[in-house]
file coords16.txt (compact mmCIF, C-alpha atoms and all ligand atoms)
# COMPACT_ATOMS: atom_id res chain seq x y z
CA ARG V 27 -8.51 -164.82 87.33
CA ASN V 28 -7.87 -167.91 89.44
CA LEU V 29 -4.07 -167.81 88.95
CA THR V 30 -2.72 -171.15 90.11
CA LYS V 31 0.78 -172.59 90.28
CA HIS V 32 1.72 -175.75 92.14
CA PHE V 33 5.35 -176.85 92.20
CA SER V 34 6.43 -180.43 92.54
CA GLY V 35 8.56 -180.66 95.68
CA GLY V 36 9.91 -184.18 95.17
CA ARG V 37 8.82 -187.17 97.24
CA GLU V 38 8.39 -187.37 101.02
CA SER V 39 10.31 -190.64 101.00
CA LEU V 40 11.48 -193.11 98.39
CA PHE V 41 8.01 -194.61 97.90
CA GLY V 42 6.04 -191.73 99.41
CA LYS V 43 3.55 -189.63 97.53
CA LYS V 44 4.80 -186.69 95.50
CA ARG V 45 4.82 -183.44 97.41
CA VAL V 46 3.13 -180.42 95.88
CA VAL V 47 3.89 -176.85 96.91
CA ARG V 48 0.80 -174.74 96.37
CA ALA V 49 2.72 -171.55 95.67
CA VAL V 50 -0.23 -169.68 94.22
CA ASP V 51 -3.68 -171.16 94.68
CA GLY V 52 -6.61 -169.51 92.91
CA VAL V 53 -5.56 -165.87 93.11
CA SER V 54 -7.91 -163.35 91.45
CA PHE V 55 -7.73 -159.57 91.43
CA ASP V 56 -8.04 -156.52 89.20
CA ILE V 57 -5.65 -153.64 88.64
CA ALA V 58 -7.17 -150.38 87.40
CA LYS V 59 -5.37 -148.17 84.92
CA GLY V 60 -3.19 -145.64 86.69
CA GLU V 61 -3.29 -147.15 90.16
CA THR V 62 -0.56 -148.65 92.31
CA LEU V 63 -1.60 -151.96 93.80
CA GLY V 64 0.67 -153.03 96.66
CA VAL V 65 1.14 -156.72 97.43
CA VAL V 66 2.20 -157.77 100.93
CA GLY V 67 2.58 -160.97 102.93
CA GLU V 68 5.34 -162.96 104.62
CA SER V 69 8.10 -164.41 102.47
CA GLY V 70 6.95 -167.54 100.68
CA CYS V 71 3.30 -166.43 100.48
CA GLY V 72 3.35 -166.37 96.68
CA LYS V 73 3.90 -162.67 95.92
CA SER V 74 6.78 -163.18 93.50
CA THR V 75 5.23 -166.26 91.90
CA THR V 76 2.07 -164.24 91.24
CA ALA V 77 4.19 -161.58 89.52
CA ARG V 78 5.99 -164.15 87.40
CA LEU V 79 2.69 -165.76 86.42
CA LEU V 80 1.35 -162.37 85.30
CA MET V 81 4.50 -161.84 83.23
CA HIS V 82 4.02 -165.37 81.88
CA LEU V 83 7.62 -166.17 82.81
CA MET V 84 6.33 -169.60 83.81
CA PRO V 85 3.28 -171.54 82.60
CA LEU V 86 0.05 -171.27 84.58
CA ASP V 87 -1.44 -174.49 85.98
CA ALA V 88 -4.85 -172.85 85.87
CA GLY V 89 -6.38 -169.43 85.48
CA GLU V 90 -6.06 -166.66 82.96
CA MET V 91 -4.97 -163.07 82.62
CA ILE V 92 -7.12 -160.48 80.90
CA TYR V 93 -5.37 -157.34 79.74
CA ASP V 94 -7.57 -154.48 78.53
CA GLY V 95 -10.36 -156.96 77.84
CA ASN V 96 -8.07 -159.30 75.88
CA LYS V 97 -7.27 -162.76 77.15
CA VAL V 98 -3.51 -163.31 77.15
CA GLY V 99 -2.76 -166.19 74.81
CA PRO V 100 -5.68 -166.34 72.41
CA ASP V 101 -6.38 -162.58 72.09
CA LEU V 102 -3.08 -161.01 73.07
CA SER V 103 0.28 -162.60 72.23
CA LEU V 104 2.99 -163.01 74.84
CA ARG V 105 5.25 -160.87 72.69
CA GLU V 106 2.74 -158.03 72.74
CA LEU V 107 2.10 -158.54 76.47
CA ARG V 108 5.82 -158.20 77.20
CA ARG V 109 5.87 -154.88 75.42
CA ARG V 110 2.92 -153.58 77.43
CA MET V 111 4.09 -155.01 80.73
CA GLN V 112 7.56 -154.93 82.24
CA MET V 113 9.11 -156.02 85.50
CA VAL V 114 11.85 -154.67 87.77
CA PHE V 115 13.49 -157.10 90.19
CA GLN V 116 15.25 -156.69 93.54
CA ASP V 117 18.72 -157.63 92.35
CA SER V 118 19.78 -154.68 90.23
CA TYR V 119 23.02 -156.33 89.18
CA ALA V 120 21.65 -159.72 88.11
CA SER V 121 19.03 -157.99 85.95
CA LEU V 122 21.66 -156.36 83.71
CA ASN V 123 23.99 -158.06 81.26
CA PRO V 124 27.46 -157.28 82.68
CA ARG V 125 28.99 -157.22 79.18
CA LEU V 126 26.64 -154.57 77.82
CA THR V 127 27.04 -150.86 78.39
CA ILE V 128 24.15 -149.09 80.09
CA GLU V 129 23.07 -147.61 76.77
CA ASP V 130 23.17 -150.99 75.04
CA SER V 131 21.16 -152.56 77.86
CA ILE V 132 18.40 -149.99 77.61
CA ALA V 133 18.40 -149.99 73.79
CA PHE V 134 18.28 -153.79 73.60
CA GLY V 135 14.52 -154.27 74.07
CA PRO V 136 13.42 -151.63 71.56
CA LYS V 137 15.86 -153.07 68.99
CA VAL V 138 14.41 -156.57 69.47
CA HIS V 139 11.02 -155.01 68.81
CA GLY V 140 12.18 -153.43 65.53
CA VAL V 141 13.44 -149.96 66.49
CA ASP V 142 16.60 -149.11 64.51
CA ASP V 143 19.92 -148.79 66.31
CA GLY V 144 20.24 -145.00 66.17
CA ALA V 145 16.71 -144.35 67.40
CA ALA V 146 17.08 -146.95 70.16
CA ARG V 147 20.27 -145.25 71.41
CA LEU V 148 18.63 -141.84 71.42
CA LEU V 149 15.73 -143.30 73.36
CA ALA V 150 18.14 -144.90 75.85
CA ARG V 151 19.88 -141.59 76.49
CA ASP V 152 16.57 -139.82 76.83
CA LEU V 153 15.41 -142.40 79.40
CA LEU V 154 18.66 -142.09 81.36
CA VAL V 155 17.85 -138.42 81.82
CA LYS V 156 14.27 -139.28 82.82
CA VAL V 157 15.52 -141.57 85.59
CA GLY V 158 17.89 -138.90 86.86
CA LEU V 159 21.21 -140.06 85.39
CA ASP V 160 23.50 -137.87 83.29
CA ALA V 161 23.43 -139.61 79.89
CA ASN V 162 26.90 -138.37 78.92
CA ARG V 163 28.39 -139.77 82.10
CA PHE V 164 26.57 -143.10 82.24
CA ALA V 165 25.70 -144.26 78.71
CA ASN V 166 29.04 -146.00 78.07
CA ARG V 167 29.62 -147.40 81.54
CA TYR V 168 29.14 -151.01 82.57
CA PRO V 169 26.82 -152.20 85.37
CA HIS V 170 29.67 -152.92 87.81
CA GLU V 171 30.75 -149.29 87.62
CA LEU V 172 27.44 -148.10 89.10
CA SER V 173 26.04 -148.02 92.63
CA GLY V 174 23.00 -150.13 93.50
CA GLY V 175 20.72 -147.10 93.32
CA GLN V 176 22.13 -146.04 89.93
CA ARG V 177 21.74 -149.58 88.59
CA GLN V 178 18.14 -149.72 89.74
CA ARG V 179 17.49 -146.43 87.91
CA VAL V 180 18.95 -148.09 84.80
CA ASN V 181 16.66 -151.10 85.30
CA ILE V 182 13.69 -148.76 85.53
CA ALA V 183 14.82 -147.00 82.32
CA ARG V 184 15.21 -150.36 80.63
CA ALA V 185 11.71 -151.40 81.75
CA LEU V 186 10.27 -148.16 80.34
CA ALA V 187 12.07 -148.45 76.99
CA LEU V 188 9.22 -150.44 75.45
CA SER V 189 6.60 -147.91 76.65
CA PRO V 190 4.81 -150.41 78.88
CA ARG V 191 1.63 -149.42 80.67
CA LEU V 192 1.90 -151.86 83.55
CA VAL V 193 5.14 -152.22 85.50
CA ILE V 194 5.62 -154.91 88.13
CA LEU V 195 8.10 -153.94 90.83
CA ASP V 196 9.14 -157.00 92.85
CA GLU V 197 11.04 -155.78 95.91
CA ALA V 198 12.55 -153.25 93.52
CA VAL V 199 13.72 -150.86 96.25
CA SER V 200 14.34 -153.43 98.99
CA ALA V 201 18.08 -153.74 98.48
CA LEU V 202 18.70 -149.98 98.52
CA ASP V 203 19.84 -147.79 101.41
CA LYS V 204 16.95 -145.93 103.06
CA SER V 205 17.86 -142.52 101.59
CA VAL V 206 18.37 -143.96 98.09
CA GLU V 207 15.15 -145.93 98.48
CA ALA V 208 13.21 -142.72 99.15
CA GLN V 209 14.69 -141.11 96.03
CA VAL V 210 13.79 -144.09 93.84
CA LEU V 211 10.24 -144.19 95.28
CA ASN V 212 9.79 -140.53 94.40
CA LEU V 213 11.22 -141.20 90.94
CA LEU V 214 8.69 -144.04 90.49
CA ASN V 215 5.85 -141.69 91.42
CA ASP V 216 7.12 -139.01 89.01
CA LEU V 217 7.47 -141.52 86.16
CA LYS V 218 4.04 -142.89 86.86
CA ARG V 219 2.51 -139.45 86.39
CA GLU V 220 4.61 -138.56 83.35
CA PHE V 221 4.05 -141.83 81.46
CA GLY V 222 0.58 -142.73 82.77
CA LEU V 223 1.85 -145.99 84.27
CA THR V 224 0.14 -148.58 86.43
CA TYR V 225 2.19 -150.37 89.11
CA LEU V 226 1.97 -153.70 90.83
CA PHE V 227 4.28 -153.05 93.80
CA ILE V 228 5.46 -156.08 95.76
CA SER V 229 7.31 -155.50 99.02
CA HIS V 230 7.82 -156.94 102.47
CA ASP V 231 8.26 -153.37 103.76
CA LEU V 232 4.84 -152.19 104.88
CA ASN V 233 5.88 -148.57 105.38
CA VAL V 234 6.97 -148.39 101.76
CA VAL V 235 3.80 -150.11 100.55
CA ARG V 236 1.66 -147.69 102.52
CA TYR V 237 3.55 -144.74 101.05
CA ILE V 238 3.25 -145.74 97.40
CA SER V 239 0.03 -147.76 97.07
CA ASP V 240 -3.56 -146.83 96.30
CA ARG V 241 -4.87 -150.28 97.16
CA VAL V 242 -3.20 -153.21 98.87
CA LEU V 243 -3.58 -156.96 98.41
CA VAL V 244 -2.62 -159.22 101.31
CA MET V 245 -1.51 -162.78 100.56
CA TYR V 246 -1.18 -165.74 102.92
CA LEU V 247 0.06 -169.18 101.84
CA GLY V 248 -0.73 -168.69 98.17
CA GLU V 249 -4.14 -167.09 98.61
CA VAL V 250 -5.59 -163.57 98.73
CA VAL V 251 -6.91 -162.95 102.24
CA GLU V 252 -7.74 -159.25 101.98
CA ILE V 253 -7.74 -156.47 99.40
CA GLY V 254 -8.80 -152.84 99.74
CA PRO V 255 -7.90 -149.14 99.72
CA VAL V 256 -4.62 -148.61 101.53
CA GLU V 257 -5.77 -146.39 104.41
CA GLU V 258 -8.94 -148.42 104.94
CA LEU V 259 -6.81 -151.54 105.26
CA TRP V 260 -4.44 -149.86 107.68
CA ASN V 261 -7.14 -148.29 109.82
CA SER V 262 -9.71 -151.07 109.78
CA PRO V 263 -8.29 -154.37 108.57
CA ARG V 264 -10.93 -157.10 108.49
CA HIS V 265 -8.74 -160.20 108.31
CA PRO V 266 -6.87 -161.22 111.48
CA TYR V 267 -3.78 -161.95 109.40
CA THR V 268 -3.72 -158.38 108.09
CA THR V 269 -4.18 -157.10 111.64
CA ALA V 270 -1.31 -159.22 112.88
CA LEU V 271 0.93 -158.25 109.97
CA PHE V 272 0.38 -154.54 110.56
CA ALA V 273 0.64 -154.85 114.34
CA ALA V 274 4.09 -156.35 113.92
CA MET V 275 5.12 -153.50 111.65
CA PRO V 276 8.16 -151.56 112.82
CA THR V 277 7.44 -147.85 112.90
CA LEU V 278 9.96 -145.97 115.03
CA ASP V 279 13.07 -148.00 114.53
CA PRO V 280 14.37 -147.40 111.00
CA ASP V 281 16.83 -150.27 111.30
CA ARG V 282 14.12 -152.84 111.87
CA ARG V 283 12.90 -153.04 108.32
CA THR V 284 11.91 -156.63 108.05
CA THR V 285 8.53 -158.19 108.70
CA GLU V 286 9.67 -161.66 107.80
CA ALA V 287 8.42 -163.33 110.98
CA PRO V 288 6.11 -160.91 112.75
CA ILE V 289 3.39 -163.31 113.83
CA ALA V 290 3.31 -166.03 116.44
CA GLY V 291 4.61 -169.21 114.90
CA ASP V 292 5.98 -169.76 111.44
CA PRO V 293 3.74 -169.94 108.41
CA PRO V 294 2.65 -173.55 107.94
CA ASN V 295 4.34 -175.57 105.24
CA PRO V 296 2.82 -174.68 101.85
CA ILE V 297 3.36 -178.32 100.85
CA ASN V 298 0.45 -179.31 103.03
CA PRO V 299 -1.54 -176.17 103.80
CA PRO V 300 -4.09 -176.27 106.64
CA SER V 301 -7.67 -177.15 105.73
CA GLY V 302 -10.38 -174.48 105.56
CA CYS V 303 -8.97 -171.06 106.34
CA ARG V 304 -5.22 -171.54 105.99
CA PHE V 305 -4.59 -169.05 108.81
CA HIS V 306 -6.54 -171.08 111.39
CA THR V 307 -3.40 -172.63 112.92
CA ARG V 308 -2.20 -169.16 113.97
CA CYS V 309 -5.41 -167.19 114.30
CA PRO V 310 -6.54 -166.11 117.79
CA PHE V 311 -10.20 -166.14 116.64
CA ALA V 312 -10.24 -169.61 115.05
CA GLU V 313 -13.38 -171.69 115.65
CA ALA V 314 -14.60 -175.04 114.32
CA VAL V 315 -15.95 -173.53 111.09
CA CYS V 316 -12.51 -172.10 110.27
CA SER V 317 -10.78 -175.45 109.79
CA ALA V 318 -13.86 -177.01 108.18
CA THR V 319 -14.73 -174.44 105.51
CA THR V 320 -12.64 -172.19 103.30
CA PRO V 321 -13.91 -168.61 103.60
CA ALA V 322 -14.47 -166.91 100.23
CA LEU V 323 -13.50 -163.27 99.65
CA TYR V 324 -16.46 -161.28 100.92
CA ALA V 325 -17.24 -157.60 100.30
CA VAL V 326 -16.81 -155.70 103.56
CA GLY V 327 -16.84 -152.27 101.87
CA PRO V 328 -17.38 -150.82 98.39
CA ALA V 329 -13.81 -151.66 97.33
CA HIS V 330 -12.77 -153.82 100.25
CA GLN V 331 -12.89 -157.63 100.51
CA ALA V 332 -11.74 -160.06 103.18
CA ALA V 333 -11.68 -163.86 103.31
CA CYS V 334 -12.57 -164.48 106.96
CA HIS V 335 -15.63 -166.18 108.43
CA MET V 336 -15.94 -163.35 110.95
CA ALA V 337 -16.75 -160.99 108.07
CA ILE V 338 -19.29 -163.28 106.41
CA PRO V 339 -22.90 -163.28 107.71
CA GLY V 340 -24.25 -166.77 108.34
CA SER V 341 -20.81 -168.39 108.15
CA GLY V 342 -21.23 -170.16 111.47
CA HIS V 343 -18.50 -168.18 113.24
CA SER V 344 -19.77 -166.79 116.55
CA LYS V 345 -18.39 -163.33 115.74
CA ALA V 346 -19.84 -163.19 112.23
CA PRO V 347 -22.30 -160.37 111.53
CA LYS V 348 -25.92 -161.52 111.66
CA GLU V 349 -27.83 -161.89 108.37
CA ALA V 350 -30.01 -158.85 107.71
CA MET V 351 -33.60 -159.57 108.81
CA ALA V 352 -36.18 -159.07 106.08
FE1 LIG W 1 -9.27 -166.61 111.81
FE2 LIG W 1 -11.34 -168.13 111.17
FE3 LIG W 1 -11.10 -165.72 110.09
FE4 LIG W 1 -9.47 -167.69 109.37
S1 LIG W 1 -11.67 -167.58 109.03
S2 LIG W 1 -8.89 -165.61 109.85
S3 LIG W 1 -9.22 -168.77 111.31
S4 LIG W 1 -11.45 -166.20 112.26
MG MG W 2 9.68 -162.53 96.71

call {"tool": "encode", "arguments": {"input": "coords16.txt", "output": "structure tokens", "more": "lines below"}}
Ligand code: SF4
Ligand code: MG
result
Amino acid sequence: RNLTKHFSGGRESLFGKKRVVRAVDGVSFDIAKGETLGVVGESGCGKSTTARLLMHLMPLDAGEMIYDGNKVGPDLSLRELRRRMQMVFQDSYASLNPRLTIEDSIAFGPKVHGVDDGAARLLARDLLVKVGLDANRFANRYPHELSGGQRQRVNIARALALSPRLVILDEAVSALDKSVEAQVLNLLNDLKREFGLTYLFISHDLNVVRYISDRVLVMYLGEVVEIGPVEELWNSPRHPYTTALFAAMPTLDPDRRTTEAPIAGDPPNPINPPSGCRFHTRCPFAEAVCSATTPALYAVGPAHQAACHMAIPGSGHSKAPKEAMA
């Protein structure tokens, strides 16, 4: 609820005012047990910071996280949260200690949480098999002896070693070759079924997000602009940013995988975001109300919300739906 993180960006000039980067600015959403929620948006929109805030890898400036009805902090300790929630990062090599064998890496977390050495090693070998690696071949190897795809399987095994229920995947398949990526995506789906997992799946690759997600959250400059069921979002997006993002999506050319700059103009500087709707400097439908008033997330379907004045009756935008007459 209302996740907020502003970074200090130094001073504009020697005596200038301090700059503040509004990396994540009042982000609220729910994740239901067993679903995969995709998170998309251009680089720098706050996807990864949101993930790190949920993991409590950095302190929140404002907001709170409620896990299974328990507020993280007062009702649920960070130690307990980290057992129930794990994260897999893009860089498969940096995530593993190069001096530990694969088995030691996977067994490390359970041992910290009190599992004895023998049981932790058995669990590690079991998990290697679950992620599709031959335990006898891989248990005693070191990270540098593995391919990127194999290492990412190890990272997934390591994340699962504490029996988490929520796994955050931040660009977890983005560094892999296309064919390996497909295998790891299928593995993630299999593991989700087998272990009853819930995923928060962050990616700049919209094709991948569409494939794996049940619902998708779209972020722009630190805010949620749209959230809804994946096919509904794809077929009838209600926020012009979502429309533009999907329109720029490469479909036929497998080599064009990036959507880093799909929309006219660069994203404005998050140090000084535009007033009102932050997309108004790039939006083809912008009107006076857009720069004057921040549009709230508005229900445009049973499970679909968009933060655009055009979706909100009585907002003052000429394309807004009329208020229902009594
Ligand atoms: Fe465009 Fe206005 Fe909607 Fe923002 S609120 S997306 S500027 S129409
Ligand atoms: Mg990122």

call {"tool": "residues_around", "arguments": {"input": "coords16.txt", "residues": "Glu258 of chain V", "least_positions_apart": "5", "cutoff": "9 Å", "atoms": "all atoms listed in the file", "output": "VMD selection string"}}
result
chain V and resid 241 263 330

call {"tool": "residues_around", "arguments": {"input": "coords16.txt", "residues": "segment 86-89 of chain V", "least_positions_apart": "5", "cutoff": "12 Å", "atoms": "all atoms listed in the file", "output": "list in words"}}
result
Arg27, Asn28, Leu29, Thr30, Lys31, His32, Phe33, Ser34, Arg48, Ala49, Val50, Asp51, Gly52, Val53, Ser54, Phe55, Thr75, Thr76, Ala77, Arg78, Leu79, Leu80, Met81, Lys97, Val98 and Gly99 of chain V

call {"tool": "closest_residue", "arguments": {"input": "coords16.txt", "among": "V:Ile253, V:Ala290, V:Ala198, V:Ile92", "to": "Val234 of chain V", "atoms": "only C-alpha atoms"}}
result
V:Ala198

call {"tool": "atom_distance", "arguments": {"input": "coords16.txt", "atom1": "atom CA of Pro255 of chain V", "atom2": "atom CA of Gly60 of chain V"}}
result
14.3 Å

call {"tool": "closest_atom_pairs", "arguments": {"input": "coords16.txt", "of": "chain V", "to": "ligand LIG 1 (chain W)", "cutoff": "6 Å", "atoms": "only C-alpha atoms and all ligand atoms", "output": "JSON lines"}}
result
{"residue": "V:His265", "atom": "CA", "partner": "W:LIG1", "partner_atom": "S2", "distance": 5.6}
{"residue": "V:Pro266", "atom": "CA", "partner": "W:LIG1", "partner_atom": "S2", "distance": 5.1}
{"residue": "V:Cys303", "atom": "CA", "partner": "W:LIG1", "partner_atom": "FE4", "distance": 4.6}
{"residue": "V:Phe305", "atom": "CA", "partner": "W:LIG1", "partner_atom": "FE4", "distance": 5.1}
{"residue": "V:His306", "atom": "CA", "partner": "W:LIG1", "partner_atom": "S3", "distance": 3.5}
{"residue": "V:Cys309", "atom": "CA", "partner": "W:LIG1", "partner_atom": "FE1", "distance": 4.6}
{"residue": "V:Phe311", "atom": "CA", "partner": "W:LIG1", "partner_atom": "S4", "distance": 4.6}
{"residue": "V:Ala312", "atom": "CA", "partner": "W:LIG1", "partner_atom": "S3", "distance": 4.0}
{"residue": "V:Cys316", "atom": "CA", "partner": "W:LIG1", "partner_atom": "FE2", "distance": 4.2}
{"residue": "V:Pro321", "atom": "CA", "partner": "W:LIG1", "partner_atom": "S1", "distance": 6.0}
{"residue": "V:Cys334", "atom": "CA", "partner": "W:LIG1", "partner_atom": "FE3", "distance": 3.7}
{"residue": "V:His335", "atom": "CA", "partner": "W:LIG1", "partner_atom": "S1", "distance": 4.2}
{"residue": "V:Met336", "atom": "CA", "partner": "W:LIG1", "partner_atom": "FE3", "distance": 5.5}

call {"tool": "atom_distance", "arguments": {"input": "coords16.txt", "atom1": "atom CA of Val180 of chain V", "atom2": "atom CA of Met91 of chain V"}}
result
28.3 Å

call {"tool": "residues_near_ligand", "arguments": {"input": "coords16.txt", "ligand": "ligand MG 2 (chain W)", "cutoff": "12 Å", "atoms": "only C-alpha atoms and all ligand atoms", "output": "ChimeraX atom specification"}}
result
/V:49,65-78,115-117,195-198,200,227-231,245,286

call {"tool": "residues_around", "arguments": {"input": "coords16.txt", "residues": "segment 131-141 of chain V", "least_positions_apart": "5", "cutoff": "10 Å", "atoms": "all atoms listed in the file", "output": "PyMOL selection string"}}
result
chain V and resi 105-106+109+121-126+146-151+153-154+165+168-169+180-189

call {"tool": "closest_residue", "arguments": {"input": "coords16.txt", "among": "V:Asp240, V:Leu271, V:Thr320, V:Gly174", "to": "Val210 of chain V", "atoms": "all atoms listed in the file"}}
result
V:Gly174

call {"tool": "residues_around", "arguments": {"input": "coords16.txt", "residues": "Ser239 of chain V", "least_positions_apart": "4", "cutoff": "9 Å", "atoms": "all atoms listed in the file", "output": "ChimeraX atom specification"}}
result
/V:61-64,225-227,234-235,255-256

call {"tool": "atom_distance", "arguments": {"input": "coords16.txt", "atom1": "atom CA of Val157 of chain V", "atom2": "atom CA of Leu217 of chain V"}}
result
8.1 Å

call {"tool": "closest_residue", "arguments": {"input": "coords16.txt", "among": "V:Ala120, V:Leu192, V:Ala332, V:Ala314", "to": "Asp94 of chain V", "atoms": "only C-alpha atoms"}}
result
V:Leu192

call {"tool": "closest_residue", "arguments": {"input": "coords16.txt", "among": "V:Arg308, V:Arg191, V:Arg236, V:Arg167", "to": "Leu107 of chain V", "atoms": "all atoms listed in the file"}}
result
V:Arg191

call {"tool": "closest_residue", "arguments": {"input": "coords16.txt", "among": "V:Gln176, V:Leu232, V:Pro300, V:Gly222", "to": "Gln209 of chain V", "atoms": "all atoms listed in the file"}}
result
V:Gln176

call {"tool": "closest_residue", "arguments": {"input": "coords16.txt", "among": "V:Ile338, V:Glu207, V:Met113, V:Leu213", "to": "Gly158 of chain V", "atoms": "all atoms listed in the file"}}
result
V:Leu213
